[in-house]
file start.tsv (TSV, C-alpha atoms)
chain	number	residue	atom	x	y	z
A	1	MET	CA	-50.29	16.09	-63.81
A	2	ASN	CA	-53.99	15.73	-63.02
A	3	ILE	CA	-53.94	14.19	-59.56
A	4	HIS	CA	-57.71	13.64	-59.66
A	5	THR	CA	-57.70	11.43	-62.77
A	6	THR	CA	-59.42	8.03	-62.58
A	7	THR	CA	-56.97	6.44	-65.02
A	8	ARG	CA	-53.86	4.67	-63.81
A	9	PRO	CA	-50.91	5.72	-65.99
A	10	GLU	CA	-47.64	3.84	-66.06
A	11	MET	CA	-45.67	7.06	-65.78
A	12	GLN	CA	-46.15	10.81	-65.80
A	13	GLN	CA	-44.38	14.11	-65.32
A	14	PHE	CA	-45.01	16.11	-62.15
A	15	HIS	CA	-43.51	19.59	-62.36
A	16	ASN	CA	-44.77	20.64	-58.95
A	17	GLY	CA	-43.50	24.06	-57.86
A	18	ASP	CA	-40.29	25.68	-59.04
A	19	LYS	CA	-36.85	24.16	-59.49
A	20	ALA	CA	-34.83	24.21	-56.25
A	21	VAL	CA	-31.45	25.84	-55.81
A	22	LEU	CA	-29.01	22.97	-56.29
A	23	PRO	CA	-25.57	22.67	-54.70
A	24	PHE	CA	-23.94	23.59	-58.02
A	25	ALA	CA	-24.76	25.87	-60.95
A	26	GLN	CA	-26.48	24.44	-64.02
A	27	ALA	CA	-23.24	24.84	-65.97
A	28	GLU	CA	-21.51	22.44	-63.56
A	29	TYR	CA	-24.07	19.72	-64.23
A	30	GLU	CA	-23.89	20.35	-67.97
A	31	THR	CA	-20.12	19.92	-67.84
A	32	ARG	CA	-20.46	16.64	-65.96
A	33	LEU	CA	-23.09	15.43	-68.41
A	34	ASN	CA	-20.86	16.33	-71.35
A	35	GLY	CA	-18.14	14.25	-69.72
A	36	LEU	CA	-20.50	11.30	-69.42
A	37	ARG	CA	-21.57	11.65	-73.05
A	38	ALA	CA	-17.91	11.65	-74.06
A	39	ILE	CA	-17.46	8.41	-72.13
A	40	MET	CA	-20.50	6.98	-73.91
A	41	ALA	CA	-19.20	7.99	-77.34
A	42	GLN	CA	-15.79	6.48	-76.61
A	43	ALA	CA	-17.42	3.19	-75.57
A	44	GLY	CA	-19.97	3.18	-78.41
A	45	VAL	CA	-22.85	3.39	-75.91
A	46	GLN	CA	-26.14	4.86	-77.14
A	47	ALA	CA	-27.98	5.00	-73.81
A	48	VAL	CA	-26.77	4.69	-70.23
A	49	VAL	CA	-28.92	3.69	-67.26
A	50	LEU	CA	-27.33	4.92	-64.02
A	51	THR	CA	-28.79	3.40	-60.85
A	52	SER	CA	-26.49	4.30	-57.95
A	53	MET	CA	-27.22	7.10	-55.52
A	54	HIS	CA	-23.79	8.61	-56.06
A	55	ASN	CA	-23.83	8.69	-59.85
A	56	ILE	CA	-27.42	9.94	-60.10
A	57	ALA	CA	-26.59	12.71	-57.61
A	58	TYR	CA	-23.30	13.53	-59.29
A	59	TYR	CA	-24.74	13.97	-62.77
A	60	SER	CA	-28.24	15.29	-61.99
A	61	GLY	CA	-28.19	16.78	-58.47
A	62	PHE	CA	-30.98	14.47	-57.27
A	63	LEU	CA	-30.12	12.25	-54.26
A	64	TYR	CA	-32.80	9.62	-53.92
A	65	CYS	CA	-34.15	7.70	-50.94
A	66	SER	CA	-34.73	4.18	-52.22
A	67	PHE	CA	-36.82	2.47	-49.53
A	68	GLY	CA	-36.81	-0.65	-51.72
A	69	ARG	CA	-37.75	1.14	-54.95
A	70	PRO	CA	-35.52	1.45	-58.04
A	71	TYR	CA	-34.35	4.86	-59.27
A	72	GLY	CA	-32.41	5.87	-62.33
A	73	PHE	CA	-30.87	8.51	-64.54
A	74	VAL	CA	-31.17	7.69	-68.23
A	75	VAL	CA	-28.86	9.53	-70.61
A	76	THR	CA	-28.66	9.49	-74.39
A	77	GLN	CA	-26.87	11.95	-76.65
A	78	SER	CA	-30.04	14.06	-76.69
A	79	ASP	CA	-31.90	13.36	-73.42
A	80	ALA	CA	-31.12	13.26	-69.69
A	81	VAL	CA	-33.97	12.16	-67.43
A	82	THR	CA	-34.16	11.06	-63.80
A	83	ILE	CA	-36.63	8.24	-63.09
A	84	SER	CA	-38.30	8.42	-59.69
A	85	ALA	CA	-41.08	6.74	-57.72
A	86	GLY	CA	-44.48	8.35	-57.24
A	87	ILE	CA	-44.04	8.39	-53.48
A	88	ASP	CA	-41.59	11.30	-53.86
A	89	GLY	CA	-44.05	13.61	-55.59
A	90	GLY	CA	-42.41	16.50	-57.42
A	91	GLN	CA	-39.28	16.66	-55.25
A	92	PRO	CA	-37.08	14.67	-57.70
A	93	TRP	CA	-37.93	17.11	-60.51
A	94	ARG	CA	-37.30	20.12	-58.27
A	95	ARG	CA	-33.94	18.73	-57.13
A	96	SER	CA	-32.73	17.67	-60.59
A	97	ALA	CA	-30.84	19.80	-63.09
A	98	PHE	CA	-32.66	18.00	-65.90
A	99	GLU	CA	-35.99	16.38	-66.74
A	100	ASN	CA	-37.79	13.81	-64.60
A	101	ILE	CA	-40.31	11.02	-65.12
A	102	VAL	CA	-42.37	9.68	-62.23
A	103	TYR	CA	-43.30	6.00	-62.49
A	104	THR	CA	-46.36	4.70	-60.68
A	105	ASP	CA	-46.54	1.52	-58.63
A	106	TRP	CA	-49.99	0.53	-59.95
A	107	GLN	CA	-48.37	-2.04	-62.23
A	108	ARG	CA	-45.19	-4.02	-61.68
A	109	ASP	CA	-42.09	-2.87	-63.58
A	110	ASN	CA	-43.39	0.56	-64.51
A	111	TYR	CA	-39.90	1.70	-63.58
A	112	TRP	CA	-38.46	-0.21	-66.53
A	113	ARG	CA	-41.19	1.04	-68.83
A	114	ALA	CA	-40.20	4.59	-67.87
A	115	VAL	CA	-36.53	3.81	-68.50
A	116	GLN	CA	-37.43	2.32	-71.87
A	117	SER	CA	-39.39	5.46	-72.83
A	118	VAL	CA	-36.09	7.38	-72.77
A	119	SER	CA	-33.52	4.76	-73.77
A	120	GLY	CA	-35.44	3.05	-76.53
A	121	VAL	CA	-35.10	-0.64	-77.42
A	122	GLY	CA	-32.29	-2.55	-79.07
A	123	LYS	CA	-29.55	-0.02	-78.29
A	124	VAL	CA	-26.03	-0.40	-76.90
A	125	VAL	CA	-26.73	0.22	-73.21
A	126	GLY	CA	-24.32	1.28	-70.48
A	127	PHE	CA	-24.90	0.34	-66.86
A	128	GLU	CA	-23.15	0.21	-63.47
A	129	GLY	CA	-21.88	-3.30	-62.92
A	130	ASP	CA	-20.99	-2.60	-59.31
A	131	ASN	CA	-24.52	-1.44	-58.46
A	132	LEU	CA	-27.22	-3.07	-60.60
A	133	ASN	CA	-28.29	-6.33	-58.96
A	134	LEU	CA	-28.93	-9.55	-60.87
A	135	GLN	CA	-32.71	-9.25	-60.73
A	136	GLN	CA	-32.71	-5.73	-62.13
A	137	PHE	CA	-30.08	-6.68	-64.73
A	138	GLU	CA	-32.46	-9.34	-66.03
A	139	LYS	CA	-35.20	-6.73	-66.28
A	140	LEU	CA	-32.86	-4.37	-68.14
A	141	ASN	CA	-32.26	-7.09	-70.70
A	142	GLY	CA	-35.94	-7.95	-70.87
A	143	TYR	CA	-37.35	-4.44	-71.29
A	144	LEU	CA	-34.55	-2.74	-73.20
A	145	ALA	CA	-33.45	-5.75	-75.33
A	146	PRO	CA	-30.00	-4.20	-75.74
A	147	SER	CA	-27.86	-5.18	-78.69
A	148	LYS	CA	-24.94	-5.00	-76.26
A	149	VAL	CA	-24.36	-3.98	-72.65
A	150	VAL	CA	-21.28	-2.11	-71.44
A	151	ASP	CA	-20.22	-1.65	-67.82
A	152	LEU	CA	-19.40	2.05	-67.32
A	153	ALA	CA	-18.94	1.97	-63.54
A	154	GLY	CA	-15.18	2.34	-63.73
A	155	ASP	CA	-15.32	5.14	-66.29
A	156	THR	CA	-17.81	7.19	-64.28
A	157	MET	CA	-15.77	6.64	-61.13
A	158	ARG	CA	-12.68	7.99	-62.85
A	159	GLN	CA	-14.62	11.08	-63.92
A	160	ARG	CA	-15.77	11.67	-60.34
A	161	MET	CA	-12.24	11.32	-58.95
A	162	GLY	CA	-11.16	14.64	-60.47
A	163	LYS	CA	-12.94	17.45	-58.61
A	164	SER	CA	-14.04	20.72	-60.14
A	165	ALA	CA	-13.37	24.04	-58.45
A	166	ALA	CA	-17.01	24.16	-57.34
A	167	GLU	CA	-16.76	20.70	-55.77
A	168	ILE	CA	-13.60	21.63	-53.93
A	169	THR	CA	-15.31	24.72	-52.53
A	170	LEU	CA	-18.13	22.54	-51.15
A	171	ILE	CA	-15.72	19.94	-49.77
A	172	ARG	CA	-13.71	22.69	-48.10
A	173	GLU	CA	-16.91	23.93	-46.43
A	174	GLY	CA	-17.72	20.40	-45.30
A	175	ALA	CA	-14.30	20.08	-43.65
A	176	ARG	CA	-14.92	23.33	-41.81
A	177	VAL	CA	-18.28	22.05	-40.55
A	178	ALA	CA	-16.63	18.80	-39.44
A	179	ASP	CA	-14.27	20.86	-37.29
A	180	VAL	CA	-17.26	22.66	-35.75
A	181	GLY	CA	-18.70	19.28	-34.81
A	182	GLY	CA	-15.36	18.18	-33.44
A	183	TYR	CA	-15.10	21.09	-31.04
A	184	ALA	CA	-18.68	20.47	-29.85
A	185	VAL	CA	-17.82	16.82	-29.21
A	186	ARG	CA	-14.68	17.72	-27.29
A	187	ASP	CA	-16.60	20.22	-25.16
A	188	ALA	CA	-19.18	17.55	-24.26
A	189	ILE	CA	-16.69	14.96	-23.03
A	190	ARG	CA	-16.66	14.27	-19.30
A	191	ALA	CA	-16.73	11.24	-17.03
A	192	GLY	CA	-20.23	9.81	-16.64
A	193	THR	CA	-21.52	11.19	-19.95
A	194	ARG	CA	-22.79	8.58	-22.42
A	195	GLU	CA	-21.37	8.10	-25.90
A	196	ILE	CA	-24.78	8.95	-27.39
A	197	ASP	CA	-24.96	12.27	-25.52
A	198	VAL	CA	-21.56	13.33	-26.82
A	199	ALA	CA	-22.44	12.23	-30.35
A	200	MET	CA	-25.69	14.21	-30.31
A	201	ALA	CA	-23.83	17.36	-29.27
A	202	GLY	CA	-21.58	17.09	-32.31
A	203	ARG	CA	-24.38	16.26	-34.71
A	204	ASP	CA	-26.55	19.14	-33.51
A	205	ALA	CA	-23.68	21.60	-33.86
A	206	MET	CA	-22.98	20.50	-37.44
A	207	GLU	CA	-26.61	20.59	-38.53
A	208	LEU	CA	-27.03	24.07	-37.10
A	209	GLU	CA	-23.88	25.20	-38.90
A	210	ILE	CA	-25.03	23.69	-42.21
A	211	ALA	CA	-28.44	25.33	-41.81
A	212	LYS	CA	-26.70	28.68	-41.34
A	213	SER	CA	-24.04	28.43	-44.02
A	214	GLN	CA	-25.86	26.33	-46.63
A	215	PRO	CA	-29.51	27.45	-46.42
A	216	ASP	CA	-30.47	25.91	-49.79
A	217	SER	CA	-29.12	22.43	-49.05
A	218	GLU	CA	-31.17	19.43	-48.06
A	219	MET	CA	-30.78	18.57	-44.38
A	220	ARG	CA	-30.11	14.89	-44.12
A	221	ASP	CA	-27.65	12.28	-42.93
A	222	SER	CA	-25.00	14.24	-40.99
A	223	TRP	CA	-23.86	12.05	-38.11
A	224	VAL	CA	-21.28	11.43	-35.41
A	225	TRP	CA	-19.66	8.19	-34.30
A	226	PHE	CA	-18.21	8.81	-30.85
A	227	GLN	CA	-16.66	5.69	-29.37
A	228	SER	CA	-14.98	4.90	-26.06
A	229	GLY	CA	-12.92	2.08	-24.57
A	230	LEU	CA	-13.43	-1.26	-26.31
A	231	ASN	CA	-15.83	0.38	-28.77
A	232	THR	CA	-12.91	2.22	-30.41
A	233	ASP	CA	-11.56	-0.99	-31.98
A	234	GLY	CA	-13.47	-0.47	-35.26
A	235	ALA	CA	-13.67	2.66	-37.36
A	236	HIS	CA	-17.38	2.24	-38.07
A	237	ASN	CA	-18.62	0.97	-34.71
A	238	PRO	CA	-22.07	2.36	-33.79
A	239	VAL	CA	-22.56	4.70	-30.87
A	240	THR	CA	-23.62	3.04	-27.61
A	241	MET	CA	-25.08	4.17	-24.30
A	242	ARG	CA	-21.84	3.42	-22.45
A	243	ALA	CA	-20.87	6.06	-19.88
A	244	LEU	CA	-17.35	7.47	-20.18
A	245	GLU	CA	-14.81	6.61	-17.49
A	246	SER	CA	-11.57	8.28	-16.49
A	247	GLY	CA	-8.68	6.73	-18.40
A	248	ASP	CA	-10.78	5.87	-21.47
A	249	ILE	CA	-9.38	5.99	-24.96
A	250	LEU	CA	-11.87	7.91	-27.12
A	251	SER	CA	-12.53	8.16	-30.84
A	252	LEU	CA	-14.09	11.35	-32.23
A	253	ASN	CA	-15.64	11.01	-35.70
A	254	THR	CA	-17.76	13.82	-37.18
A	255	PHE	CA	-19.37	13.45	-40.61
A	256	PRO	CA	-21.31	16.39	-42.07
A	257	MET	CA	-23.27	15.69	-45.25
A	258	ILE	CA	-23.95	18.67	-47.50
A	259	SER	CA	-26.09	17.83	-50.53
A	260	GLY	CA	-24.65	14.32	-50.76
A	261	TYR	CA	-21.04	15.41	-50.21
A	262	TYR	CA	-19.45	13.65	-47.25
A	263	THR	CA	-16.52	15.00	-45.26
A	264	ALA	CA	-14.93	13.68	-42.11
A	265	LEU	CA	-12.88	14.52	-39.05
A	266	GLU	CA	-11.49	11.68	-36.91
A	267	ARG	CA	-9.33	12.01	-33.83
A	268	THR	CA	-8.00	9.93	-30.96
A	269	LEU	CA	-8.49	11.43	-27.49
A	270	PHE	CA	-8.04	10.28	-23.89
A	271	LEU	CA	-10.16	11.11	-20.88
A	272	GLY	CA	-7.33	11.74	-18.43
A	273	GLU	CA	-3.65	11.11	-18.96
A	274	PRO	CA	-2.90	8.00	-21.07
A	275	ASP	CA	-0.63	5.35	-19.61
A	276	THR	CA	2.88	4.84	-20.97
A	277	ALA	CA	1.96	2.06	-23.40
A	278	SER	CA	-1.05	3.93	-24.77
A	279	LEU	CA	0.94	7.12	-25.21
A	280	ALA	CA	3.65	5.28	-27.17
A	281	ILE	CA	1.15	3.73	-29.57
A	282	TRP	CA	-0.71	7.01	-29.99
A	283	GLN	CA	2.55	8.82	-30.78
A	284	ALA	CA	3.50	6.12	-33.29
A	285	ASN	CA	0.17	6.49	-35.07
A	286	VAL	CA	0.59	10.26	-35.11
A	287	GLY	CA	4.04	9.73	-36.63
A	288	ALA	CA	2.52	7.57	-39.37
A	289	HIS	CA	-0.13	10.21	-39.93
A	290	GLU	CA	2.43	12.97	-40.34
A	291	LEU	CA	4.52	10.79	-42.67
A	292	GLY	CA	1.40	10.13	-44.74
A	293	LEU	CA	0.54	13.81	-44.92
A	294	SER	CA	4.00	14.53	-46.31
A	295	LEU	CA	3.56	11.88	-49.02
A	296	ILE	CA	0.34	13.26	-50.53
A	297	LYS	CA	1.44	15.05	-53.70
A	298	PRO	CA	0.95	14.82	-57.46
A	299	GLY	CA	2.81	11.91	-59.00
A	300	ALA	CA	2.67	9.74	-55.88
A	301	SER	CA	0.85	6.44	-56.27
A	302	CYS	CA	-1.69	5.07	-53.79
A	303	SER	CA	0.28	1.83	-53.44
A	304	GLY	CA	3.59	3.66	-53.07
A	305	ILE	CA	2.27	5.80	-50.23
A	306	THR	CA	0.87	2.68	-48.58
A	307	HIS	CA	4.17	0.81	-48.75
A	308	GLN	CA	6.06	3.68	-47.11
A	309	ILE	CA	3.63	3.89	-44.19
A	310	ASN	CA	3.69	0.10	-43.90
A	311	GLN	CA	7.46	0.26	-43.55
A	312	PHE	CA	7.13	2.90	-40.83
A	313	PHE	CA	4.82	0.63	-38.82
A	314	ALA	CA	6.87	-2.50	-39.53
A	315	GLU	CA	10.01	-0.86	-38.11
A	316	ARG	CA	8.07	-0.38	-34.85
A	317	ASP	CA	6.53	-3.88	-34.90
A	318	LEU	CA	3.06	-2.34	-35.26
A	319	LEU	CA	2.10	-3.26	-38.82
A	320	LYS	CA	0.18	-6.33	-37.61
A	321	TYR	CA	-2.19	-3.95	-35.75
A	322	ARG	CA	-3.04	-1.86	-38.82
A	323	SER	CA	-6.81	-1.93	-39.41
A	324	PHE	CA	-7.43	-0.86	-43.05
A	325	GLY	CA	-6.08	1.29	-45.87
A	326	TYR	CA	-4.60	4.69	-45.17
A	327	GLY	CA	-7.09	6.95	-46.95
A	328	HIS	CA	-9.68	7.39	-49.66
A	329	SER	CA	-11.26	9.87	-52.05
A	330	PHE	CA	-13.91	12.43	-51.14
A	331	GLY	CA	-16.90	13.75	-53.06
A	332	ILE	CA	-20.33	12.18	-53.65
A	333	LEU	CA	-20.16	9.37	-51.12
A	334	SER	CA	-21.56	8.32	-47.77
A	335	HIS	CA	-21.52	5.51	-45.24
A	336	TYR	CA	-24.32	3.72	-47.11
A	337	TYR	CA	-23.61	4.56	-50.74
A	338	GLY	CA	-20.83	5.59	-53.01
A	339	ARG	CA	-17.14	4.86	-53.08
A	340	GLU	CA	-14.35	5.79	-55.45
A	341	ALA	CA	-12.50	2.53	-55.00
A	342	GLY	CA	-9.83	3.49	-57.53
A	343	LEU	CA	-8.55	6.22	-55.21
A	344	GLU	CA	-7.87	4.40	-51.96
A	345	LEU	CA	-4.48	4.24	-50.27
A	346	ARG	CA	-3.99	0.47	-50.38
A	347	GLU	CA	-1.38	-1.97	-51.61
A	348	ASP	CA	-3.50	-3.06	-54.59
A	349	ILE	CA	-4.35	0.42	-55.93
A	350	ASP	CA	-1.77	1.94	-58.28
A	351	THR	CA	-3.65	5.14	-59.14
A	352	VAL	CA	-1.32	8.13	-59.40
A	353	LEU	CA	-2.43	11.28	-57.57
A	354	GLU	CA	-3.24	14.28	-59.74
A	355	PRO	CA	-4.09	17.92	-58.99
A	356	GLY	CA	-7.80	18.26	-58.21
A	357	MET	CA	-8.08	14.94	-56.43
A	358	VAL	CA	-9.18	15.00	-52.79
A	359	VAL	CA	-8.00	12.29	-50.41
A	360	SER	CA	-7.80	11.55	-46.72
A	361	MET	CA	-4.87	10.43	-44.63
A	362	GLU	CA	-6.15	8.20	-41.84
A	363	PRO	CA	-3.85	5.55	-40.35
A	364	MET	CA	-5.42	3.37	-37.65
A	365	LEU	CA	-3.93	0.88	-35.20
A	366	THR	CA	-6.11	-1.46	-33.16
A	367	ILE	CA	-4.51	-3.06	-30.10
A	368	PRO	CA	-6.57	-6.01	-28.78
A	369	GLN	CA	-8.17	-5.97	-25.36
A	370	GLY	CA	-5.89	-7.32	-22.64
A	371	MET	CA	-2.72	-5.95	-24.21
A	372	PRO	CA	-0.94	-2.80	-23.01
A	373	GLY	CA	-2.36	0.22	-24.79
A	374	ALA	CA	-5.52	-1.58	-25.87
A	375	GLY	CA	-7.90	0.35	-28.11
A	376	GLY	CA	-8.25	1.90	-31.54
A	377	TYR	CA	-6.06	4.87	-32.54
A	378	ARG	CA	-6.98	6.92	-35.59
A	379	GLU	CA	-6.26	10.39	-37.01
A	380	HIS	CA	-7.93	11.68	-40.18
A	381	ASP	CA	-7.27	14.78	-42.30
A	382	ILE	CA	-8.59	15.75	-45.75
A	383	LEU	CA	-6.14	16.99	-48.39
A	384	ILE	CA	-6.63	18.64	-51.77
A	385	VAL	CA	-3.92	17.62	-54.21
A	386	THR	CA	-2.44	20.75	-55.80
A	387	GLU	CA	0.03	21.37	-58.63
A	388	ASN	CA	2.99	21.28	-56.24
A	389	GLY	CA	1.84	19.30	-53.21
A	390	ALA	CA	-1.32	19.17	-51.15
A	391	GLU	CA	-3.43	21.49	-49.01
A	392	ASN	CA	-4.67	20.14	-45.69
A	393	ILE	CA	-8.19	21.53	-45.13
A	394	THR	CA	-8.74	19.92	-41.71
A	395	GLY	CA	-8.16	22.37	-38.88
A	396	PHE	CA	-8.93	20.42	-35.69
A	397	PRO	CA	-5.63	19.60	-33.91
A	398	TYR	CA	-4.39	16.06	-33.36
A	399	GLY	CA	-2.13	14.26	-30.93
A	400	PRO	CA	-1.45	14.07	-27.17
A	401	GLU	CA	-0.58	17.77	-26.87
A	402	HIS	CA	-4.13	18.75	-27.78
A	403	ASN	CA	-6.51	15.87	-27.14
A	404	VAL	CA	-6.02	14.73	-23.55
A	405	ILE	CA	-9.23	15.79	-21.78
A	406	ALA	CA	-8.62	16.63	-18.14
call {"tool": "encode", "arguments": {"input": "start.tsv", "output": "structure tokens"}}
result
Amino acid sequence: MNIHTTTRPEMQQFHNGDKAVLPFAQAEYETRLNGLRAIMAQAGVQAVVLTSMHNIAYYSGFLYCSFGRPYGFVVTQSDAVTISAGIDGGQPWRRSAFENIVYTDWQRDNYWRAVQSVSGVGKVVGFEGDNLNLQQFEKLNGYLAPSKVVDLAGDTMRQRMGKSAAEITLIREGARVADVGGYAVRDAIRAGTREIDVAMAGRDAMELEIAKSQPDSEMRDSWVWFQSGLNTDGAHNPVTMRALESGDILSLNTFPMISGYYTALERTLFLGEPDTASLAIWQANVGAHELGLSLIKPGASCSGITHQINQFFAERDLLKYRSFGYGHSFGILSHYYGREAGLELREDIDTVLEPGMVVSMEPMLTIPQGMPGAGGYREHDILIVTENGAENITGFPYGPEHNVIA
């Protein structure tokens, strides 16, 4: 690319520097791409335009930062090209296993012109129906003039649900880093300390560990949600500046992100001895957690596991305090993108667990303020489904015997 040119091209290539070391070997990305092309062939799709952060990262290695700009990965049976904005320079090419085209913002819709340069016009086009918004879908139809469009979101999700050996290795490392963050959080807990101070201790510990153990990864988006008292009532409640008080229920949540792969550790703790009502609810949630761990195995269905844990809570008159489903898949996902909705432990998901899948077990009870034992109780482990059962890769201990902070 001649950066001093006076012309204003619609798109260009910018091979600036050398290719970066990606989280997986080139062969891994080729295998994933072959899987996508098999999906395309089965559906009669000639070109697919992927737009989500998770799918683009899964198939190409490039995790984009949108900031209001569209990004894509266009795949045909012969080409595979990421489409990125000029603001990113050569980084998308360096971080992609395949080719890249940079579109300029000197003319509206250069993004779609770049997509069209790879996909062609009048083809059967695959897209992600759960990601492409209505405005961009209209532009797809306008610029690509497809003879037919096919939603491949579900098919790509099913491909992502089965993890390769290389993915499992990275997920296992993420779980280890989450434990490192958990111990740093626990060490920082004391009366008078703010939630934000405890959260920062955990985040810093994880980022330092990732920097040491994964020196070629991009450093971004690891975080901690540490909640106390009333703020424990939701799993995704933001950190506040509230100071911890003796007797508080606490929620430890550490989330390392390694090259787009999210892992998690979540634990209930108390600052000082819990009262009788709180202890009983905590122990009941731990019981549900242990039951759930025993149910994760090949052949079990997501809905079947859910119904058994529901029964456990119903027998204790606690089911009405359940907050959400009992677990979900792991891989390319984050708190602001990505979700393998077909592998969640809920009543309406009948997916059968298979070896190579990775799921969490995370029951949560929320007791409203003003009731005995008020607060949110949650435990969370990550399990790899094996041929004969499941391997729990979370090491941080759970329950009253370990997580009452004196």
call {"tool": "closest_residue", "arguments": {"input": "start.tsv", "among": "A:Met364, A:Leu250, A:Ile384, A:Leu208", "to": "Val404 of chain A", "atoms": "all atoms listed in the file"}}
result
A:Leu250
call {"tool": "residues_near_point", "arguments": {"input": "start.tsv", "point": "(-25.1, 9.9, -23.0)", "cutoff": "9 Å", "atoms": "all atoms listed in the file", "output": "JSON, numbers by chain"}}
result
{"A": [192, 193, 194, 195, 196, 197, 198, 199, 200, 240, 241, 242, 243, 244]}
call {"tool": "atom_distance", "arguments": {"input": "start.tsv", "atom1": "atom CA of Gln214 of chain A", "atom2": "atom CA of Ser60 of chain A"}}
result
19.1 Å
call {"tool": "closest_residue", "arguments": {"input": "start.tsv", "among": "A:Leu265, A:Val102, A:Ala191, A:Val48", "to": "Arg176 of chain A", "atoms": "all atoms listed in the file"}}
result
A:Leu265
call {"tool": "atom_distance", "arguments": {"input": "start.tsv", "atom1": "atom CA of Leu22 of chain A", "atom2": "atom CA of Ala264 of chain A"}}
result
22.0 Å
call {"tool": "closest_residue", "arguments": {"input": "start.tsv", "among": "A:Gly304, A:Pro363, A:Gly399, A:Gly72", "to": "Ala85 of chain A", "atoms": "all atoms listed in the file"}}
result
A:Gly72
call {"tool": "closest_residue", "arguments": {"input": "start.tsv", "among": "A:Arg172, A:Arg158, A:Arg108, A:Arg32", "to": "Glu354 of chain A", "atoms": "all atoms listed in the file"}}
result
A:Arg158
call {"tool": "closest_residue", "arguments": {"input": "start.tsv", "among": "A:Phe98, A:Trp93, A:Trp223, A:Tyr71", "to": "Glu30 of chain A", "atoms": "only C-alpha atoms"}}
result
A:Phe98
call {"tool": "closest_residue", "arguments": {"input": "start.tsv", "among": "A:Thr156, A:Gln369, A:Thr351, A:Thr82", "to": "Gly299 of chain A", "atoms": "only C-alpha atoms"}}
result
A:Thr351
call {"tool": "atom_distance", "arguments": {"input": "start.tsv", "atom1": "atom CA of Phe312 of chain A", "atom2": "atom CA of Ala300 of chain A"}}
result
17.1 Å
